[in-house]
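Enquirer: One file is attached below, run13.cif, containing mmCIF, N, CA and C atoms and all ligand atoms.
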```
data_entry
#
loop_
_atom_site.label_atom_id
_atom_site.label_comp_id
_atom_site.auth_asym_id
_atom_site.auth_seq_id
_atom_site.Cartn_x
_atom_site.Cartn_y
_atom_site.Cartn_z
N MET A 209 0.84 -1.20 0.00
CA MET A 209 0.00 0.00 0.00
C MET A 209 0.87 1.25 0.00
N THR A 210 0.44 2.22 -0.73
CA THR A 210 1.15 3.49 -0.71
C THR A 210 0.15 4.63 -0.46
N VAL A 211 0.70 5.79 -0.17
CA VAL A 211 -0.18 6.95 0.03
C VAL A 211 -0.74 7.39 -1.31
N ASN A 212 -1.94 7.94 -1.30
CA ASN A 212 -2.52 8.44 -2.55
C ASN A 212 -2.00 9.85 -2.84
N LEU A 213 -2.42 10.39 -3.95
CA LEU A 213 -1.88 11.68 -4.42
C LEU A 213 -2.09 12.80 -3.38
N LYS A 214 -3.28 12.86 -2.83
CA LYS A 214 -3.60 13.92 -1.85
C LYS A 214 -2.75 13.75 -0.59
N GLU A 215 -2.64 12.51 -0.14
CA GLU A 215 -1.86 12.23 1.07
C GLU A 215 -0.38 12.57 0.85
N LYS A 216 0.10 12.23 -0.33
CA LYS A 216 1.49 12.49 -0.66
C LYS A 216 1.78 13.99 -0.62
N ARG A 217 0.83 14.76 -1.16
CA ARG A 217 0.98 16.22 -1.17
C ARG A 217 0.98 16.76 0.26
N GLU A 218 0.10 16.25 1.07
CA GLU A 218 0.03 16.69 2.48
C GLU A 218 1.33 16.36 3.22
N LEU A 219 1.84 15.17 2.97
CA LEU A 219 3.09 14.77 3.64
C LEU A 219 4.24 15.66 3.18
N ASN A 220 4.27 15.96 1.89
CA ASN A 220 5.33 16.85 1.38
C ASN A 220 5.22 18.24 2.00
N ASN A 221 3.98 18.73 2.13
CA ASN A 221 3.77 20.03 2.77
C ASN A 221 4.24 20.00 4.22
N PHE A 222 3.94 18.90 4.88
CA PHE A 222 4.36 18.72 6.28
C PHE A 222 5.89 18.80 6.38
N LEU A 223 6.59 18.11 5.49
CA LEU A 223 8.06 18.14 5.51
C LEU A 223 8.59 19.54 5.21
N GLU A 224 7.92 20.25 4.29
CA GLU A 224 8.36 21.60 3.96
C GLU A 224 8.18 22.54 5.14
N LEU A 225 7.08 22.39 5.85
CA LEU A 225 6.86 23.21 7.05
C LEU A 225 7.96 22.94 8.08
N LEU A 226 8.31 21.67 8.22
CA LEU A 226 9.36 21.31 9.16
C LEU A 226 10.69 21.97 8.78
N ALA A 227 10.91 22.09 7.48
CA ALA A 227 12.17 22.67 7.01
C ALA A 227 12.30 24.14 7.44
N PHE A 228 11.18 24.78 7.71
CA PHE A 228 11.21 26.18 8.16
C PHE A 228 11.14 26.29 9.67
N SER A 229 10.96 25.16 10.32
CA SER A 229 10.81 25.18 11.78
C SER A 229 12.13 24.82 12.44
N ALA A 230 12.14 24.90 13.75
CA ALA A 230 13.34 24.54 14.52
C ALA A 230 13.29 23.07 14.92
N VAL A 231 12.28 22.35 14.43
CA VAL A 231 12.13 20.95 14.80
C VAL A 231 13.31 20.13 14.30
N LYS A 232 13.95 19.42 15.19
CA LYS A 232 15.12 18.63 14.82
C LYS A 232 14.75 17.19 14.45
N LYS A 233 13.76 16.66 15.12
CA LYS A 233 13.39 15.26 14.87
C LYS A 233 11.89 15.09 15.04
N PHE A 234 11.36 14.07 14.39
CA PHE A 234 9.94 13.80 14.59
C PHE A 234 9.68 12.31 14.47
N TYR A 235 8.59 11.87 15.05
CA TYR A 235 8.21 10.46 15.01
C TYR A 235 7.19 10.25 13.89
N PRO A 236 7.12 9.04 13.36
CA PRO A 236 6.16 8.76 12.29
C PRO A 236 4.73 9.17 12.67
N THR A 237 4.40 9.09 13.96
CA THR A 237 3.04 9.44 14.38
C THR A 237 2.75 10.93 14.15
N ALA A 238 3.80 11.76 14.17
CA ALA A 238 3.60 13.19 13.94
C ALA A 238 3.08 13.43 12.53
N ALA A 239 3.55 12.61 11.58
CA ALA A 239 3.09 12.74 10.20
C ALA A 239 1.58 12.47 10.11
N LEU A 240 1.09 11.60 10.97
CA LEU A 240 -0.35 11.31 10.98
C LEU A 240 -1.12 12.45 11.62
N LYS A 241 -0.52 13.01 12.65
CA LYS A 241 -1.19 14.06 13.42
C LYS A 241 -1.39 15.31 12.57
N TYR A 242 -0.41 15.62 11.71
CA TYR A 242 -0.46 16.88 10.98
C TYR A 242 -0.95 16.73 9.54
N THR A 243 -1.33 15.54 9.16
CA THR A 243 -1.89 15.34 7.82
C THR A 243 -3.17 14.51 7.95
N GLN A 244 -3.80 14.27 6.81
CA GLN A 244 -5.02 13.46 6.81
C GLN A 244 -4.73 12.00 6.45
N VAL A 245 -3.46 11.63 6.46
CA VAL A 245 -3.11 10.26 6.10
C VAL A 245 -3.69 9.31 7.13
N SER A 246 -4.37 8.28 6.65
CA SER A 246 -5.15 7.44 7.57
C SER A 246 -4.34 6.27 8.14
N SER A 247 -3.30 5.85 7.45
CA SER A 247 -2.61 4.65 7.92
C SER A 247 -1.16 4.95 8.28
N ILE A 248 -0.77 4.53 9.48
CA ILE A 248 0.60 4.75 9.94
C ILE A 248 1.58 3.98 9.05
N GLU A 249 1.19 2.81 8.58
CA GLU A 249 2.07 2.02 7.71
C GLU A 249 2.37 2.79 6.43
N ASN A 250 1.33 3.38 5.84
CA ASN A 250 1.52 4.14 4.60
C ASN A 250 2.39 5.37 4.82
N ALA A 251 2.14 6.07 5.93
CA ALA A 251 2.96 7.25 6.24
C ALA A 251 4.41 6.83 6.44
N TYR A 252 4.60 5.74 7.14
CA TYR A 252 5.96 5.24 7.41
C TYR A 252 6.67 4.84 6.12
N ASP A 253 5.95 4.17 5.23
CA ASP A 253 6.53 3.79 3.93
C ASP A 253 6.95 5.03 3.15
N PHE A 254 6.10 6.05 3.18
CA PHE A 254 6.43 7.30 2.49
C PHE A 254 7.70 7.91 3.07
N LEU A 255 7.79 7.93 4.40
CA LEU A 255 8.96 8.53 5.05
C LEU A 255 10.23 7.74 4.73
N LEU A 256 10.09 6.42 4.65
CA LEU A 256 11.24 5.59 4.28
C LEU A 256 11.70 5.89 2.85
N ASP A 257 10.74 6.13 1.96
CA ASP A 257 11.09 6.52 0.59
C ASP A 257 11.87 7.83 0.61
N CYS A 258 11.47 8.73 1.51
CA CYS A 258 12.16 10.03 1.62
C CYS A 258 13.59 9.85 2.15
N VAL A 259 13.81 8.79 2.91
CA VAL A 259 15.18 8.49 3.35
C VAL A 259 16.01 8.08 2.13
N ASP A 260 15.41 7.24 1.29
CA ASP A 260 16.11 6.79 0.08
C ASP A 260 16.43 7.95 -0.85
N SER A 261 15.49 8.91 -0.94
CA SER A 261 15.70 9.99 -1.92
C SER A 261 16.41 11.19 -1.31
N GLY A 262 16.72 11.15 -0.01
CA GLY A 262 17.61 12.17 0.54
C GLY A 262 16.97 13.29 1.34
N GLU A 263 15.65 13.31 1.46
CA GLU A 263 15.01 14.36 2.26
C GLU A 263 15.21 14.12 3.75
N LEU A 264 15.20 12.84 4.12
CA LEU A 264 15.22 12.49 5.55
C LEU A 264 16.34 11.52 5.90
N LYS A 265 16.65 11.51 7.20
CA LYS A 265 17.51 10.49 7.78
C LYS A 265 16.67 9.74 8.80
N ILE A 266 16.89 8.46 8.91
CA ILE A 266 16.19 7.70 9.94
C ILE A 266 17.18 7.37 11.06
N ALA A 267 16.70 7.38 12.28
CA ALA A 267 17.52 6.95 13.41
C ALA A 267 16.59 6.26 14.41
N TRP A 268 17.20 5.71 15.45
CA TRP A 268 16.42 4.85 16.34
C TRP A 268 16.64 5.21 17.80
N GLU A 269 15.57 5.12 18.56
CA GLU A 269 15.65 5.30 20.00
C GLU A 269 15.45 3.95 20.68
N VAL A 270 16.29 3.67 21.65
CA VAL A 270 16.07 2.49 22.48
C VAL A 270 15.31 2.96 23.71
N LYS A 271 14.20 2.31 23.99
CA LYS A 271 13.41 2.70 25.16
C LYS A 271 13.33 1.58 26.17
N CYS A 272 13.26 1.96 27.42
CA CYS A 272 13.13 0.98 28.51
C CYS A 272 11.81 0.23 28.36
N THR A 273 11.89 -1.09 28.52
CA THR A 273 10.69 -1.90 28.33
C THR A 273 10.21 -2.52 29.63
N ASN A 274 10.46 -1.84 30.71
CA ASN A 274 9.97 -2.33 31.99
C ASN A 274 8.44 -2.19 32.02
N ASP A 275 7.74 -3.30 31.76
CA ASP A 275 6.28 -3.26 31.68
C ASP A 275 5.62 -3.10 33.06
N ASN A 276 6.36 -3.48 34.09
CA ASN A 276 5.77 -3.45 35.43
C ASN A 276 5.40 -2.04 35.87
N ILE A 277 6.23 -1.08 35.47
CA ILE A 277 5.94 0.29 35.89
C ILE A 277 5.75 1.23 34.68
N ILE A 278 5.70 0.64 33.47
CA ILE A 278 5.57 1.42 32.23
C ILE A 278 6.54 2.61 32.24
N CYS A 279 7.82 2.28 32.17
CA CYS A 279 8.88 3.29 32.30
C CYS A 279 9.07 4.07 31.00
N ALA A 280 9.42 3.37 29.90
CA ALA A 280 9.58 3.99 28.58
C ALA A 280 10.66 5.08 28.53
N ARG A 281 11.57 5.07 29.48
CA ARG A 281 12.70 6.00 29.48
C ARG A 281 13.54 5.79 28.23
N LYS A 282 13.97 6.89 27.60
CA LYS A 282 14.86 6.77 26.44
C LYS A 282 16.26 6.43 26.93
N ILE A 283 16.81 5.33 26.44
CA ILE A 283 18.11 4.87 26.93
C ILE A 283 19.23 5.24 25.97
N ASN A 284 18.93 5.25 24.70
CA ASN A 284 19.99 5.42 23.72
C ASN A 284 19.40 5.92 22.40
N GLU A 285 20.24 6.58 21.57
CA GLU A 285 19.85 6.96 20.21
C GLU A 285 20.95 6.51 19.27
N VAL A 286 20.58 5.81 18.21
CA VAL A 286 21.59 5.34 17.26
C VAL A 286 21.10 5.51 15.83
N GLU A 287 22.05 5.67 14.91
CA GLU A 287 21.68 5.80 13.51
C GLU A 287 21.38 4.45 12.87
N ASP A 288 22.07 3.44 13.36
CA ASP A 288 21.87 2.10 12.81
C ASP A 288 21.41 1.19 13.93
N LYS A 289 20.20 0.66 13.80
CA LYS A 289 19.65 -0.11 14.92
C LYS A 289 20.43 -1.40 15.17
N ASN A 290 21.15 -1.88 14.14
CA ASN A 290 21.95 -3.10 14.33
C ASN A 290 23.06 -2.89 15.37
N MET A 291 23.39 -1.61 15.60
CA MET A 291 24.42 -1.32 16.59
C MET A 291 23.96 -1.63 18.01
N VAL A 292 22.66 -1.66 18.23
CA VAL A 292 22.17 -1.89 19.60
C VAL A 292 21.44 -3.22 19.79
N LEU A 293 21.00 -3.82 18.69
CA LEU A 293 20.25 -5.08 18.82
C LEU A 293 21.12 -6.13 19.52
N ASN A 294 20.50 -6.85 20.45
CA ASN A 294 21.15 -7.90 21.23
C ASN A 294 22.17 -7.38 22.25
N GLU A 295 22.23 -6.07 22.41
CA GLU A 295 23.10 -5.50 23.44
C GLU A 295 22.39 -5.53 24.79
N GLU A 296 23.20 -5.72 25.84
CA GLU A 296 22.66 -5.63 27.20
C GLU A 296 22.64 -4.18 27.63
N VAL A 297 21.48 -3.71 28.07
CA VAL A 297 21.42 -2.32 28.55
C VAL A 297 20.72 -2.27 29.91
N MET A 298 20.95 -1.17 30.61
CA MET A 298 20.27 -0.97 31.88
C MET A 298 19.68 0.43 31.93
N CYS A 299 18.46 0.52 32.39
CA CYS A 299 17.78 1.81 32.48
C CYS A 299 18.28 2.55 33.73
N ASP A 300 18.71 3.79 33.53
CA ASP A 300 19.23 4.55 34.68
C ASP A 300 18.10 5.11 35.55
N LEU A 301 16.88 4.97 35.07
CA LEU A 301 15.75 5.49 35.84
C LEU A 301 15.16 4.43 36.76
N CYS A 302 14.88 3.24 36.19
CA CYS A 302 14.21 2.21 36.99
C CYS A 302 15.10 1.01 37.27
N GLY A 303 16.29 0.96 36.66
CA GLY A 303 17.21 -0.13 36.94
C GLY A 303 16.93 -1.41 36.17
N HIS A 304 15.93 -1.40 35.30
CA HIS A 304 15.57 -2.57 34.50
C HIS A 304 16.71 -2.92 33.53
N GLU A 305 17.16 -4.19 33.58
CA GLU A 305 18.19 -4.66 32.66
C GLU A 305 17.54 -5.55 31.61
N PHE A 306 17.91 -5.36 30.35
CA PHE A 306 17.33 -6.20 29.30
C PHE A 306 18.22 -6.24 28.07
N THR A 307 17.97 -7.25 27.23
CA THR A 307 18.67 -7.37 25.96
C THR A 307 17.82 -6.70 24.90
N VAL A 308 18.40 -5.77 24.15
CA VAL A 308 17.62 -4.99 23.19
C VAL A 308 17.15 -5.87 22.03
N SER A 309 15.86 -5.86 21.79
CA SER A 309 15.28 -6.56 20.64
C SER A 309 14.62 -5.52 19.73
N THR A 310 14.13 -5.98 18.59
CA THR A 310 13.50 -5.05 17.64
C THR A 310 12.28 -4.36 18.26
N LEU A 311 11.71 -4.97 19.31
CA LEU A 311 10.54 -4.37 19.95
C LEU A 311 10.90 -3.18 20.86
N ASP A 312 12.19 -3.03 21.16
CA ASP A 312 12.62 -1.97 22.06
C ASP A 312 13.16 -0.75 21.32
N VAL A 313 13.23 -0.84 19.99
CA VAL A 313 13.76 0.30 19.22
C VAL A 313 12.64 0.96 18.43
N TYR A 314 12.64 2.29 18.45
CA TYR A 314 11.59 3.07 17.81
C TYR A 314 12.21 4.04 16.81
N PRO A 315 11.67 4.05 15.59
CA PRO A 315 12.26 4.93 14.58
C PRO A 315 11.86 6.39 14.77
N TYR A 316 12.75 7.28 14.43
CA TYR A 316 12.38 8.69 14.28
C TYR A 316 13.12 9.23 13.06
N PHE A 317 12.70 10.41 12.61
CA PHE A 317 13.25 10.97 11.38
C PHE A 317 13.81 12.36 11.63
N GLU A 318 14.83 12.69 10.85
CA GLU A 318 15.40 14.04 10.86
C GLU A 318 15.49 14.51 9.43
N LEU A 319 15.26 15.81 9.21
CA LEU A 319 15.46 16.38 7.88
C LEU A 319 16.95 16.47 7.59
N THR A 320 17.34 16.15 6.38
CA THR A 320 18.75 16.33 6.02
C THR A 320 19.00 17.82 5.81
N ASN A 321 20.23 18.26 6.06
CA ASN A 321 20.57 19.67 5.84
C ASN A 321 20.35 20.07 4.40
N GLU A 322 20.67 19.14 3.51
CA GLU A 322 20.52 19.41 2.08
C GLU A 322 19.07 19.74 1.73
N TYR A 323 18.14 18.92 2.24
CA TYR A 323 16.72 19.15 1.96
C TYR A 323 16.25 20.48 2.54
N ARG A 324 16.66 20.73 3.81
CA ARG A 324 16.28 21.97 4.48
C ARG A 324 16.71 23.19 3.64
N GLN A 325 17.94 23.10 3.12
CA GLN A 325 18.48 24.20 2.33
C GLN A 325 17.72 24.38 1.02
N LEU A 326 17.43 23.26 0.35
CA LEU A 326 16.71 23.32 -0.93
C LEU A 326 15.35 23.97 -0.75
N VAL A 327 14.63 23.58 0.30
CA VAL A 327 13.29 24.14 0.53
C VAL A 327 13.37 25.64 0.77
N ARG A 328 14.38 26.04 1.56
CA ARG A 328 14.52 27.48 1.85
C ARG A 328 14.91 28.27 0.60
N GLU A 329 15.79 27.69 -0.23
CA GLU A 329 16.16 28.36 -1.48
C GLU A 329 14.97 28.49 -2.41
N ASP A 330 14.14 27.44 -2.45
CA ASP A 330 12.95 27.48 -3.30
C ASP A 330 12.03 28.63 -2.92
N LEU A 331 11.89 28.85 -1.62
CA LEU A 331 11.03 29.93 -1.18
C LEU A 331 11.55 31.28 -1.65
N LYS A 332 12.88 31.44 -1.57
CA LYS A 332 13.48 32.69 -2.03
C LYS A 332 13.18 32.91 -3.51
N LYS A 333 13.32 31.84 -4.29
CA LYS A 333 13.04 31.94 -5.73
C LYS A 333 11.59 32.35 -5.97
N LYS A 334 10.69 31.74 -5.21
CA LYS A 334 9.27 32.07 -5.36
C LYS A 334 9.01 33.52 -5.02
N GLU A 335 9.65 33.98 -3.96
CA GLU A 335 9.48 35.39 -3.55
C GLU A 335 9.97 36.32 -4.65
N ASN A 336 11.12 35.97 -5.24
CA ASN A 336 11.68 36.80 -6.31
C ASN A 336 10.76 36.84 -7.52
N ARG A 337 10.19 35.68 -7.86
CA ARG A 337 9.27 35.59 -8.99
C ARG A 337 8.06 36.48 -8.76
N LEU A 338 7.60 36.47 -7.51
CA LEU A 338 6.45 37.27 -7.15
C LEU A 338 6.75 38.75 -7.31
N LYS A 339 7.96 39.14 -6.90
CA LYS A 339 8.37 40.53 -7.02
C LYS A 339 8.39 40.95 -8.49
N ILE A 340 8.93 40.05 -9.33
CA ILE A 340 9.03 40.35 -10.77
C ILE A 340 7.63 40.53 -11.37
N SER A 341 6.73 39.61 -11.05
CA SER A 341 5.42 39.65 -11.67
C SER A 341 4.58 40.84 -11.17
N MET A 342 4.93 41.38 -9.99
CA MET A 342 4.14 42.48 -9.47
C MET A 342 4.71 43.85 -9.84
N SER A 343 5.94 43.86 -10.37
CA SER A 343 6.54 45.16 -10.69
C SER A 343 6.20 45.58 -12.12
ZN ZN B 1 13.25 2.16 32.98
#
```
Would you put the structure from the file into structure tokens?
Expert:
Amino acid sequence: MTVNLKEKRELNNFLELLAFSAVKKFYPTAALKYTQVSSIENAYDFLLDCVDSGELKIAWEVKCTNDNIICARKINEVEDKNMVLNEEVMCDLCGHEFTVSTLDVYPYFELTNEYRQLVREDLKKKENRLKISMS
């Protein structure tokens, strides 16, 4: 499944807005919150495509999985999740020790500097065009 044309446009607008903001990172769920995209899987697939094409970088957070007290403390951030899988970690908040599995890592995305710059340059070009057409 992929996003449809309208959803794709909304997601692109969302990324462009981020390029003008101070937001450093966002979770796939944010893409759902700020667009009308109905499926998290579709939004996630779109964001992964953006990693391939250079707009975004993906990275991973390791979170504490102590279910007894629902801790969810962020333990680590890595660019490649293979760097942490099967590692022994300990939560500094609740003391829970565990071996990191795929269920303990959560993806997040960052805009690449290149994309941020391109979006900002595009706006300048648009502003200049507007000036020309109004003079
Ligand atoms: Zn914990």
Enquirer: Between A:Lys332, A:Phe234, A:Leu293, A:Ile340, which residue has the minimum interatomic distance to Glu318 (chain A), considering only C-alpha atoms?
Expert: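 Going through A:Lys332, A:Phe234, A:Leu293, A:Ile340 one by one, the smallest distance to Glu318 (chain A) is for A:Phe234.
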Enquirer: Between A:Asp330, A:Asp275, A:Glu224, A:Glu322, which is the closest to Gly262 (chain A) once you count all atoms listed in the file?
Expert: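 The shortest atom-to-atom distance to Gly262 (chain A) comes from A:Glu322.
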Enquirer: Can I get the residues close to ligand ZN 1 (chain B) as a PyMOL selection string, where close means within 8 Å and we count only C-alpha atoms and all ligand atoms?
Expert: chain A and resi 271-274+278-281+298-304
Enquirer: Extract, using only N, CA and C atoms, all DNA, RNA and protein residues at most 6 Å from Pro236 (chain A), discarding same-chain residues fewer than 4 positions from it, and format them as a PDB file with N, CA and C atoms, keeping the file's coordinate frame.
Expert:
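Dumped everything to around-v4.pdb:
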```pdb
ATOM      1  N   LEU A 240       1.090  11.600  10.970  1.00  0.00           N
ATOM      2  CA  LEU A 240      -0.350  11.310  10.980  1.00  0.00           C
ATOM      3  C   LEU A 240      -1.120  12.450  11.620  1.00  0.00           C
ATOM      4  N   PRO A 315      11.670   4.050  15.590  1.00  0.00           N
ATOM      5  CA  PRO A 315      12.260   4.930  14.580  1.00  0.00           C
ATOM      6  C   PRO A 315      11.860   6.390  14.770  1.00  0.00           C
ATOM      7  N   TYR A 316      12.750   7.280  14.430  1.00  0.00           N
ATOM      8  CA  TYR A 316      12.380   8.690  14.280  1.00  0.00           C
ATOM      9  C   TYR A 316      13.120   9.230  13.060  1.00  0.00           C
ATOM     10  N   PHE A 317      12.700  10.410  12.610  1.00  0.00           N
ATOM     11  CA  PHE A 317      13.250  10.970  11.380  1.00  0.00           C
ATOM     12  C   PHE A 317      13.810  12.360  11.630  1.00  0.00           C
TER      13      PHE A 317
END
```
Enquirer: Could you tell me how far atom C of Phe228 (chain A) lies from CA of Arg328 (chain A), in Å and to one decimal?
Expert: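 So the two atoms, atom C of Phe228 (chain A) and CA of Arg328 (chain A), lie 8.6 Å apart.
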Enquirer: If you count all atoms listed in the file, which residues fall within 8 Å of Tyr242 (chain A), apart from same-chain ones fewer than 5 positions away, as a PyMOL selection string?
Expert: chain A and resi 218-219+222+237
Enquirer: Taking 6 positions as the minimum chain separation for residues in the same chain, which residues sit within 10 Å of Asn290 (chain A) when counting only C-alpha atoms? Answer as a ChimeraX atom specification.
Expert: /A:268,309-310
Enquirer: Generate a file of the selected residues that holds N, CA and C atoms, formatted as a PDB file, in the frame of the given file.
Expert:
```pdb
ATOM      1  N   TRP A 268      17.200   5.710  15.450  1.00  0.00           N
ATOM      2  CA  TRP A 268      16.420   4.850  16.340  1.00  0.00           C
ATOM      3  C   TRP A 268      16.640   5.210  17.800  1.00  0.00           C
ATOM      4  N   SER A 309      15.860  -5.860  21.790  1.00  0.00           N
ATOM      5  CA  SER A 309      15.280  -6.560  20.640  1.00  0.00           C
ATOM      6  C   SER A 309      14.620  -5.520  19.730  1.00  0.00           C
ATOM      7  N   THR A 310      14.130  -5.980  18.590  1.00  0.00           N
ATOM      8  CA  THR A 310      13.500  -5.050  17.640  1.00  0.00           C
ATOM      9  C   THR A 310      12.280  -4.360  18.260  1.00  0.00           C
TER      10      THR A 310
END
```
Enquirer: Mind pulling up the distance from atom C of Ile266 (chain A) to CA of Glu296 (chain A)?
Expert: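 About the pair CA of Glu296 (chain A) and atom C of Ile266 (chain A): they are 21.4 Å apart.
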Enquirer: Write out as a VMD selection string all residues of chain A that DSSP puts in alpha helix (DSSP H) for this structure's backbone.
Expert: chain A and resid 213 to 228 236 to 241 248 to 261 321 to 342
Enquirer: CA of Glu285 (chain A) to CA of Ala267 (chain A): how many Å, to one decimal?
Expert: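 We find that CA of Glu285 (chain A) and CA of Ala267 (chain A) lie 7.2 Å from each other.
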Enquirer: When DSSP works through the backbone of this structure, what residues of region 250-304 of chain A end up as strand (DSSP E or B), shown as a ChimeraX atom specification?
Expert: /A:264-271,282-286,296-298
Enquirer: For a cut-off of 5 Å around (18.3, 1.0, 26.0), file coordinates, pick out all residues using all atoms listed in the file and list them as an MDAnalysis selection string.
Expert: chainID A and resid 270:271 283:284
Enquirer: Between A:Glu249, A:Glu335, A:Glu287, A:Glu215, single out the one closest to Glu269 (chain A), counting only C-alpha atoms.
Expert: A:Glu287
Enquirer: Would you please work out which residue, of A:Met291, A:Leu338, A:Val327, A:Lys333, is nearest to Asn221 (chain A) when using only C-alpha atoms?
Expert: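 For Asn221 (chain A), the nearest of the candidates is A:Val327.
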Enquirer: Around the point (21.3, 11.2, 7.9) in the file's coordinates, collect all residues with an atom within 6.5 Å, using all atoms listed in the file, and return them as a list of chain:residue names.
Expert: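 The requested residues, written out, are A:Leu264, A:Lys265, A:Ile266, A:Thr320.
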Enquirer: For Val245 (chain A), list every protein, DNA or RNA residue within 12 Å, evaluated using only C-alpha atoms, and leave out those in the same chain fewer than 6 positions away; present the list as a VMD selection string.
Expert: chain A and resid 210 to 220 222 236 to 239 251 to 254
Enquirer: Of the candidates A:Leu256, A:Leu311, A:Leu319, A:Val292, which one gets nearest to Val231 (chain A) if we count only C-alpha atoms?
Expert: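 The closest residue to Val231 (chain A) is A:Leu319.
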